[in-house]
file coords_31.txt (compact mmCIF, C-alpha atoms)
# COMPACT_ATOMS: atom_id res chain seq x y z
CA MET G 1 17.42 -9.63 11.93
CA SER G 2 13.80 -8.74 11.22
CA ARG G 3 12.63 -12.14 12.46
CA CYS G 4 14.64 -11.64 15.67
CA TRP G 5 13.07 -8.21 16.09
CA GLY G 6 9.66 -9.76 15.55
CA TYR G 7 10.37 -12.30 18.28
CA LEU G 8 11.50 -9.59 20.72
CA THR G 9 8.47 -7.39 20.04
CA SER G 10 6.13 -10.33 20.72
CA LEU G 11 7.52 -10.88 24.23
CA GLU G 12 5.06 -9.90 26.94
CA TYR G 13 6.09 -7.25 29.48
CA PRO G 14 5.05 -7.23 33.12
CA ILE G 15 2.00 -5.03 33.56
CA TRP G 16 3.85 -2.47 35.67
CA MET G 17 6.52 -2.04 32.96
CA ARG G 18 4.24 -1.54 29.96
CA PRO G 19 3.37 2.17 30.34
CA HIS G 20 7.04 3.08 30.83
CA VAL G 21 8.14 1.16 27.69
CA TYR G 22 5.40 2.60 25.50
CA ARG G 23 5.84 6.16 26.72
CA ALA G 24 9.57 5.91 25.98
CA TRP G 25 8.75 4.66 22.48
CA ALA G 26 6.24 7.47 21.97
CA ARG G 27 8.80 10.10 23.00
CA ALA G 28 11.41 8.66 20.64
CA PHE G 29 9.11 8.37 17.59
CA HIS G 30 6.49 11.07 18.31
CA SER G 31 3.49 8.78 18.73
CA ASN G 32 0.24 10.22 20.09
CA LEU G 33 -0.72 8.04 23.05
CA GLU G 34 -3.94 10.01 23.61
CA GLU G 35 -5.41 8.27 20.54
CA ALA G 36 -4.83 4.70 21.80
CA ALA G 37 -8.10 2.81 22.16
CA LEU G 38 -6.99 0.97 25.32
CA PRO G 39 -5.06 1.87 28.47
CA LEU G 40 -1.32 1.24 27.98
CA GLU G 41 -1.36 -1.55 30.56
CA GLU G 42 -3.56 -3.64 28.26
CA TYR G 43 -0.99 -3.89 25.44
CA ALA G 44 0.88 -7.04 26.43
CA SER G 45 3.75 -6.65 23.97
CA LEU G 46 5.42 -4.03 21.84
CA ARG G 47 3.90 -5.71 18.80
CA ASP G 48 0.39 -5.27 20.25
CA PHE G 49 1.22 -1.61 20.85
CA PHE G 50 2.49 -1.15 17.26
CA VAL G 51 -0.75 -2.35 15.70
CA ARG G 52 -3.06 -0.75 18.26
CA LYS G 53 -6.47 0.50 17.29
CA LEU G 54 -7.39 4.14 17.80
CA LYS G 55 -10.25 5.67 19.75
CA GLU G 56 -13.53 6.00 17.92
CA GLY G 57 -13.54 9.23 15.92
CA SER G 58 -9.75 9.69 15.88
CA ARG G 59 -9.68 9.30 12.10
CA PRO G 60 -12.87 10.70 10.51
CA ILE G 61 -13.51 9.18 7.09
CA GLU G 62 -14.33 11.54 4.18
CA LEU G 63 -17.52 9.91 2.88
CA ASP G 64 -17.81 11.82 -0.41
CA PRO G 65 -18.21 9.00 -2.98
CA HIS G 66 -16.19 11.01 -5.52
CA CYS G 67 -13.03 11.15 -3.43
CA LEU G 68 -10.26 8.68 -2.66
CA ILE G 69 -8.91 8.76 0.91
CA SER G 70 -5.48 7.99 2.30
CA PRO G 71 -5.34 4.36 3.48
CA VAL G 72 -2.68 5.18 6.11
CA ASP G 73 -1.05 7.84 8.25
CA GLY G 74 2.17 8.88 6.57
CA THR G 75 4.14 11.19 4.29
CA VAL G 76 3.29 11.55 0.59
CA LEU G 77 6.52 10.74 -1.26
CA ARG G 78 5.42 10.58 -4.89
CA PHE G 79 2.18 10.76 -6.87
CA GLY G 80 1.00 11.45 -10.38
CA GLU G 81 -0.39 10.05 -13.60
CA LEU G 82 1.47 7.28 -15.42
CA LYS G 83 1.68 8.25 -19.06
CA PRO G 84 2.39 5.55 -21.69
CA GLY G 85 5.98 4.41 -21.32
CA ALA G 86 6.37 6.11 -17.94
CA MET G 87 7.66 4.45 -14.79
CA ILE G 88 7.21 5.23 -11.10
CA GLU G 89 10.06 7.37 -9.81
CA GLN G 90 11.73 6.10 -6.62
CA VAL G 91 14.16 9.03 -6.50
CA LYS G 92 15.74 11.00 -9.32
CA GLY G 93 17.57 8.48 -11.49
CA PHE G 94 15.90 5.37 -10.00
CA SER G 95 12.54 4.20 -11.35
CA TYR G 96 10.52 0.99 -11.49
CA SER G 97 7.63 -0.27 -13.61
CA VAL G 98 4.09 -1.05 -12.51
CA SER G 99 4.44 -4.67 -13.59
CA SER G 100 7.67 -5.17 -11.64
CA LEU G 101 5.93 -3.93 -8.48
CA LEU G 102 2.62 -5.75 -8.89
CA GLY G 103 3.81 -8.84 -10.76
CA ALA G 104 3.81 -9.92 -14.38
CA ARG G 105 0.30 -11.37 -14.17
CA GLN G 106 -1.89 -8.46 -13.13
CA PHE G 107 -5.56 -9.28 -12.63
CA LEU G 108 -6.71 -7.77 -15.90
CA PRO G 109 -8.15 -10.06 -18.60
CA ALA G 110 -6.61 -8.14 -21.52
CA ALA G 111 -3.13 -8.42 -20.02
CA ASN G 112 -0.99 -11.26 -21.25
CA GLU G 113 2.50 -12.32 -20.33
CA GLN G 114 4.15 -11.30 -23.59
CA ASN G 115 2.97 -7.70 -23.11
CA ILE G 116 4.12 -7.44 -19.48
CA GLU G 117 7.65 -6.70 -18.33
CA PRO G 118 9.60 -9.30 -16.33
CA GLU G 119 9.21 -9.01 -12.55
CA ASN G 120 12.78 -7.83 -11.99
CA GLY G 121 12.11 -4.79 -14.14
CA GLY G 122 13.90 -1.47 -13.83
CA GLU G 123 15.48 1.20 -15.93
CA GLU G 124 17.23 -1.40 -18.04
CA HIS G 125 13.93 -2.33 -19.73
CA SER G 126 13.17 -0.67 -23.00
CA LYS G 127 10.70 2.15 -23.39
CA GLU G 128 8.72 -0.01 -25.81
CA ALA G 129 8.29 -2.77 -23.22
CA ALA G 130 7.26 -0.25 -20.59
CA GLN G 131 4.68 1.21 -22.96
CA LYS G 132 3.21 -2.22 -23.70
CA SER G 133 3.00 -2.93 -19.98
CA TYR G 134 1.24 0.36 -19.36
CA LEU G 135 -1.26 -0.17 -22.15
CA SER G 136 -2.15 -3.66 -20.97
CA VAL G 137 -2.99 -2.25 -17.54
CA SER G 138 -4.55 1.12 -18.29
CA LEU G 139 -6.62 0.26 -21.35
CA ALA G 140 -7.84 -3.20 -20.40
CA SER G 141 -11.54 -3.77 -19.71
CA PRO G 142 -11.74 -5.17 -16.17
CA ARG G 143 -13.93 -8.23 -15.80
CA VAL G 144 -15.98 -6.94 -12.86
CA ARG G 145 -17.23 -3.40 -13.44
CA ASP G 146 -20.17 -1.55 -14.92
CA GLU G 147 -20.19 -0.14 -18.41
CA GLU G 148 -18.26 3.15 -18.52
CA PRO G 149 -19.70 6.26 -20.21
CA ALA G 150 -18.38 6.71 -23.71
CA SER G 151 -17.17 10.21 -22.81
CA SER G 152 -14.85 8.99 -20.08
CA LEU G 153 -11.15 8.53 -20.77
CA LYS G 154 -9.27 6.62 -18.11
CA GLY G 155 -5.70 7.12 -17.01
CA LEU G 156 -3.51 5.23 -14.58
CA PHE G 157 -2.47 7.06 -11.40
CA TYR G 158 -0.17 6.23 -8.51
CA CYS G 159 0.64 7.45 -5.01
CA VAL G 160 3.46 6.40 -2.65
CA ILE G 161 3.02 6.98 1.11
CA TYR G 162 5.76 6.35 3.69
CA LEU G 163 4.90 5.38 7.28
CA LYS G 164 7.36 6.32 10.03
CA PRO G 165 7.86 4.02 13.06
CA GLY G 166 5.74 6.34 15.20
CA ASP G 167 2.80 6.46 12.79
CA TYR G 168 -0.49 4.61 13.13
CA HIS G 169 0.27 1.23 11.56
CA ARG G 170 -3.05 -0.03 10.27
CA ILE G 171 -3.94 0.08 6.57
CA HIS G 172 -7.51 0.87 5.55
CA SER G 173 -9.50 0.73 2.33
CA PRO G 174 -9.13 3.96 0.29
CA VAL G 175 -12.47 3.49 -1.53
CA ASP G 176 -15.37 1.10 -1.88
CA TRP G 177 -13.92 -1.73 -3.97
CA ASN G 178 -13.80 -5.46 -4.68
CA VAL G 179 -10.50 -7.24 -3.94
CA HIS G 180 -10.06 -10.19 -6.28
CA VAL G 181 -6.45 -11.29 -5.88
CA ARG G 182 -3.77 -11.29 -3.22
CA ARG G 183 -0.15 -11.70 -4.31
CA HIS G 184 2.71 -12.22 -1.79
CA PHE G 185 6.28 -11.61 -2.96
CA SER G 186 9.06 -13.03 -0.83
CA GLY G 187 12.00 -10.66 -0.97
CA ARG G 188 14.57 -8.62 0.87
CA LEU G 189 13.86 -6.42 3.86
CA PHE G 190 15.99 -3.39 3.09
CA PRO G 191 15.13 -0.17 4.96
CA VAL G 192 12.85 2.17 3.00
CA ASN G 193 14.00 5.47 4.49
CA GLU G 194 15.25 8.37 2.36
CA ARG G 195 18.89 7.26 2.41
CA ALA G 196 18.00 3.73 1.29
CA ALA G 197 15.75 5.07 -1.48
CA ARG G 198 18.69 7.12 -2.83
CA THR G 199 21.14 4.21 -2.84
CA ILE G 200 19.22 0.95 -3.49
CA ARG G 201 17.95 0.54 -7.03
CA ASN G 202 14.45 -1.01 -7.37
CA LEU G 203 14.05 -0.84 -3.60
CA TYR G 204 10.30 -1.44 -3.51
CA VAL G 205 10.59 -4.22 -6.08
CA GLU G 206 13.36 -5.98 -4.14
CA ASN G 207 11.55 -5.90 -0.78
CA GLU G 208 8.97 -8.36 0.47
CA ARG G 209 5.45 -7.11 -0.21
CA VAL G 210 1.79 -8.02 -0.31
CA VAL G 211 -0.26 -6.79 -3.27
CA LEU G 212 -4.06 -6.62 -3.39
CA GLU G 213 -5.72 -6.18 -6.79
CA GLY G 214 -9.31 -5.50 -7.69
CA HIS G 215 -11.70 -2.90 -9.05
CA TRP G 216 -13.49 0.19 -7.86
CA LYS G 217 -16.21 2.18 -9.61
CA GLU G 218 -13.66 3.81 -11.96
CA GLY G 219 -11.81 0.64 -12.93
CA TYR G 220 -8.63 -1.08 -11.82
CA LEU G 221 -7.15 -0.58 -8.33
CA ALA G 222 -4.14 -2.16 -6.61
CA MET G 223 -2.61 -1.56 -3.20
CA ALA G 224 0.89 -2.77 -2.32
CA ALA G 225 2.08 -3.02 1.30
CA ILE G 226 5.88 -3.08 1.22
CA GLY G 227 7.91 -4.56 4.06
CA ALA G 228 11.21 -3.17 5.35
CA THR G 229 13.90 -3.87 7.93
CA ASN G 230 12.18 -4.96 11.15
CA ILE G 231 8.79 -4.85 9.39
CA GLY G 232 8.82 -8.24 7.73
CA SER G 233 5.47 -9.10 9.27
CA ILE G 234 2.53 -7.77 7.28
CA GLU G 235 -0.82 -8.83 8.75
CA LEU G 236 -3.74 -9.12 6.36
CA PHE G 237 -7.02 -8.86 8.25
CA ILE G 238 -9.01 -10.18 5.29
CA GLU G 239 -6.75 -13.26 5.23
CA PRO G 240 -5.53 -14.00 8.79
CA THR G 241 -3.72 -17.20 7.74
CA LEU G 242 -1.20 -15.34 5.54
CA ARG G 243 2.33 -15.52 6.98
CA THR G 244 5.09 -13.20 5.76
CA ASN G 245 8.85 -13.12 6.52
CA ARG G 246 9.02 -16.91 6.81
CA PRO G 247 12.49 -18.47 7.36
CA ILE G 248 12.30 -20.53 4.17
CA LYS G 249 11.89 -17.44 2.01
CA GLY G 250 15.60 -16.62 2.22
CA PHE G 251 16.28 -19.48 -0.17
CA LEU G 252 13.48 -18.58 -2.56
CA LEU G 253 13.92 -14.88 -3.26
CA SER G 254 13.63 -15.45 -7.01
CA ALA G 255 10.57 -17.71 -6.71
CA PRO G 256 7.31 -16.53 -8.30
CA PRO G 257 4.86 -14.81 -5.96
CA GLU G 258 2.34 -16.80 -4.00
CA GLU G 259 -1.10 -15.90 -5.31
CA LYS G 260 -4.60 -16.38 -3.95
CA THR G 261 -7.92 -15.58 -5.65
CA TYR G 262 -10.71 -14.50 -3.33
CA GLY G 263 -14.22 -15.86 -3.59
CA PRO G 264 -15.61 -18.52 -5.94
CA GLU G 265 -14.34 -17.88 -9.47
CA GLY G 266 -12.68 -14.65 -8.38
CA THR G 267 -15.86 -12.89 -7.25
CA GLY G 268 -13.73 -11.16 -4.62
CA ILE G 269 -14.12 -9.59 -1.19
CA THR G 270 -16.08 -6.36 -0.92
CA LEU G 271 -14.45 -3.61 1.14
CA LYS G 272 -16.02 -0.31 2.12
CA LYS G 273 -14.08 2.95 2.34
CA GLY G 274 -12.27 3.04 5.70
CA ASP G 275 -12.47 -0.71 6.40
CA GLU G 276 -9.38 -2.19 8.08
CA VAL G 277 -7.33 -4.21 5.58
CA ALA G 278 -3.87 -4.88 7.02
CA ALA G 279 -1.20 -3.77 9.50
CA PHE G 280 2.58 -3.28 9.60
CA ASN G 281 4.66 -4.18 12.62
CA MET G 282 6.41 -0.79 12.60
CA GLY G 283 6.42 1.60 9.65
CA SER G 284 6.93 1.07 5.95
CA THR G 285 5.41 2.08 2.59
CA VAL G 286 2.09 1.74 0.77
CA VAL G 287 1.77 2.21 -3.00
CA LEU G 288 -1.60 2.78 -4.68
CA ILE G 289 -2.11 2.19 -8.42
CA PHE G 290 -5.56 3.02 -9.80
CA GLN G 291 -7.57 3.99 -12.84
CA ALA G 292 -9.51 7.26 -12.89
CA PRO G 293 -10.89 9.68 -15.50
CA THR G 294 -8.42 12.07 -17.08
CA SER G 295 -10.72 14.03 -19.41
CA SER G 296 -14.07 14.12 -21.19
CA THR G 297 -15.23 14.51 -24.77
CA ASN G 298 -17.43 17.34 -23.47
CA ASP G 299 -14.95 20.19 -22.96
CA SER G 300 -17.48 22.28 -21.07
CA LEU G 301 -17.77 19.62 -18.37
CA PRO G 302 -14.36 17.99 -18.00
CA SER G 303 -14.47 15.03 -15.65
CA LYS G 304 -11.08 14.21 -14.25
CA PHE G 305 -9.24 13.03 -11.16
CA ARG G 306 -7.05 15.48 -9.27
CA PHE G 307 -4.80 14.86 -6.30
CA SER G 308 -5.48 17.03 -3.25
CA VAL G 309 -1.98 16.71 -1.77
CA LYS G 310 1.54 17.92 -2.45
CA ARG G 311 4.79 15.99 -2.29
CA GLY G 312 6.06 15.89 1.29
CA ASP G 313 2.63 16.46 2.86
CA ARG G 314 1.76 14.66 6.07
CA ILE G 315 -1.59 12.94 5.70
CA ARG G 316 -3.77 10.92 8.03
CA MET G 317 -5.91 7.93 7.25
CA GLY G 318 -9.37 9.06 6.14
CA GLU G 319 -8.24 12.40 4.73
CA VAL G 320 -8.78 13.18 1.04
CA LEU G 321 -5.97 12.03 -1.22
CA GLY G 322 -7.69 13.08 -4.43
CA ARG G 323 -11.13 13.52 -5.93
CA LEU G 324 -13.14 13.29 -9.13
CA GLU G 325 -14.10 16.75 -10.34
CA ASN G 326 -17.29 17.74 -12.17
CA VAL G 327 -19.09 14.42 -11.73

call {"tool": "encode", "arguments": {"input": "coords_31.txt", "output": "structure tokens"}}
result
Amino acid sequence: MSRCWGYLTSLEYPIWMRPHVYRAWARAFHSNLEEAALPLEEYASLRDFFVRKLKEGSRPIELDPHCLISPVDGTVLRFGELKPGAMIEQVKGFSYSVSSLLGARQFLPAANEQNIEPENGGEEHSKEAAQKSYLSVSLASPRVRDEEPASSLKGLFYCVIYLKPGDYHRIHSPVDWNVHVRRHFSGRLFPVNERAARTIRNLYVENERVVLEGHWKEGYLAMAAIGATNIGSIELFIEPTLRTNRPIKGFLLSAPPEEKTYGPEGTGITLKKGDEVAAFNMGSTVVLIFQAPTSSTNDSLPSKFRFSVKRGDRIRMGEVLGRLENV
């Protein structure tokens, strides 16, 4: 069904029809047409309209080097710090592990397969396995980063942001970072709305997704773009040849993810805060997983990361998601 929808949205409309179609869409899904970079007549298809760029200055980027910005327009569903043994809550009663979302072979040299949970993880995994998985991610020494101050203690944080069909569909870089690995998981394309989240266990783990892993100045960072019904196509601007929602994938849902290492010997691709990274062909979900300071050995000057949002907040790309305090 999603492939059929993709075909329909790629059909070109007559020029005279385009403004009427897009205005109807905007009324139905509350899109702001004033922000579109081009006149409506210049978007040949609904797909082109979905992934449209915005006018210069529509999304100011917070340039403070100590803050992390939202990579998308959307609604903040969940966020927090992942304590040892903890899992990411989908809804009350449904949770999933970091390793099941990102894959059993995270790009961290200290991680090894025996300490990482299987990719179909969920609540059925033991607390001990979850704790091992957490430790291998949060306490590993990433290969590409500067020496960290001895006083800094790093934790692992996460944030889940849901994009509605009427939202701006491009995904941007939340910080300055190096992307080392891209991992593409073939999977289902269940809807990711509130009703689906309450009824489908391991929803984000079951769905097709593209994961980028790398490092920022505070350590590990991963960003997962999760597909959904009618959003099987995830465009990756840093890798235009990537194709998602391919017909053959229906027979290979249990196959290991397709992985690509960027740059010679994994040197990676450098992205600046606010750079365009990817786009959805409607709305879906982005999950951020990242390391940041949680405390300091100097109690008088605690250095820690704090989120600047609340659950349910609407946030726009470029706005502050969280910041490092007392740095």

call {"tool": "residues_around", "arguments": {"input": "coords_31.txt", "residues": "Glu258 in chain G", "least_positions_apart": "6", "cutoff": "10 Å", "atoms": "only C-alpha atoms", "output": "list in words"}}
result
Arg182, Arg183, His184, Phe185, Ser186 and Val210 of chain G

call {"tool": "write_last_selection", "arguments": {"input": "coords_31.txt", "atoms": "C-alpha atoms", "output": "PDB file, in the frame of the given file"}}
result
ATOM      1  CA  ARG G 182      -3.770 -11.290  -3.220  1.00  0.00           C
ATOM      2  CA  ARG G 183      -0.150 -11.700  -4.310  1.00  0.00           C
ATOM      3  CA  HIS G 184       2.710 -12.220  -1.790  1.00  0.00           C
ATOM      4  CA  PHE G 185       6.280 -11.610  -2.960  1.00  0.00           C
ATOM      5  CA  SER G 186       9.060 -13.030  -0.830  1.00  0.00           C
ATOM      6  CA  VAL G 210       1.790  -8.020  -0.310  1.00  0.00           C
TER       7      VAL G 210
END

call {"tool": "atom_distance", "arguments": {"input": "coords_31.txt", "atom1": "CA of Glu35 in chain G", "atom2": "CA of Ser58 in chain G"}}
result
6.5 Å

call {"tool": "closest_residue", "arguments": {"input": "coords_31.txt", "among": "G:Val181, G:Arg316, G:Phe307, G:Thr285", "to": "Glu265 in chain G", "atoms": "only C-alpha atoms"}}
result
G:Val181

call {"tool": "atom_distance", "arguments": {"input": "coords_31.txt", "atom1": "CA of Pro174 in chain G", "atom2": "CA of Trp25 in chain G"}}
result
28.5 Å

call {"tool": "residues_around", "arguments": {"input": "coords_31.txt", "residues": "Phe50 in chain G", "least_positions_apart": "6", "cutoff": "12 Å", "atoms": "all atoms listed in the file", "output": "ChimeraX atom specification"}}
result
/G:6,9-10,22,25-26,29,31-33,36,40,43-44,164-170,231,233-235,279-283

call {"tool": "residues_around", "arguments": {"input": "coords_31.txt", "residues": "Arg311 in chain G", "least_positions_apart": "2", "cutoff": "10 Å", "atoms": "all atoms listed in the file", "output": "CSV table (one decimal) with C-alpha atoms, in the coordinates of the input"}}
result
chain,number,residue,atom,x,y,z
G,75,THR,CA,4.1,11.2,4.3
G,76,VAL,CA,3.3,11.6,0.6
G,77,LEU,CA,6.5,10.7,-1.3
G,78,ARG,CA,5.4,10.6,-4.9
G,79,PHE,CA,2.2,10.8,-6.9
G,159,CYS,CA,0.6,7.4,-5.0
G,160,VAL,CA,3.5,6.4,-2.6
G,161,ILE,CA,3.0,7.0,1.1
G,309,VAL,CA,-2.0,16.7,-1.8
G,313,ASP,CA,2.6,16.5,2.9
G,314,ARG,CA,1.8,14.7,6.1

call {"tool": "atom_distance", "arguments": {"input": "coords_31.txt", "atom1": "CA of Phe305 in chain G", "atom2": "CA of Gly274 in chain G"}}
result
19.8 Å

call {"tool": "closest_residue", "arguments": {"input": "coords_31.txt", "among": "G:Glu41, G:Leu321, G:Ala278, G:His180", "to": "Pro264 in chain G", "atoms": "all atoms listed in the file"}}
result
G:His180

call {"tool": "closest_residue", "arguments": {"input": "coords_31.txt", "among": "G:Ile269, G:Ala86, G:Ile226, G:Leu68", "to": "Ser284 in chain G", "atoms": "only C-alpha atoms"}}
result
G:Ile226
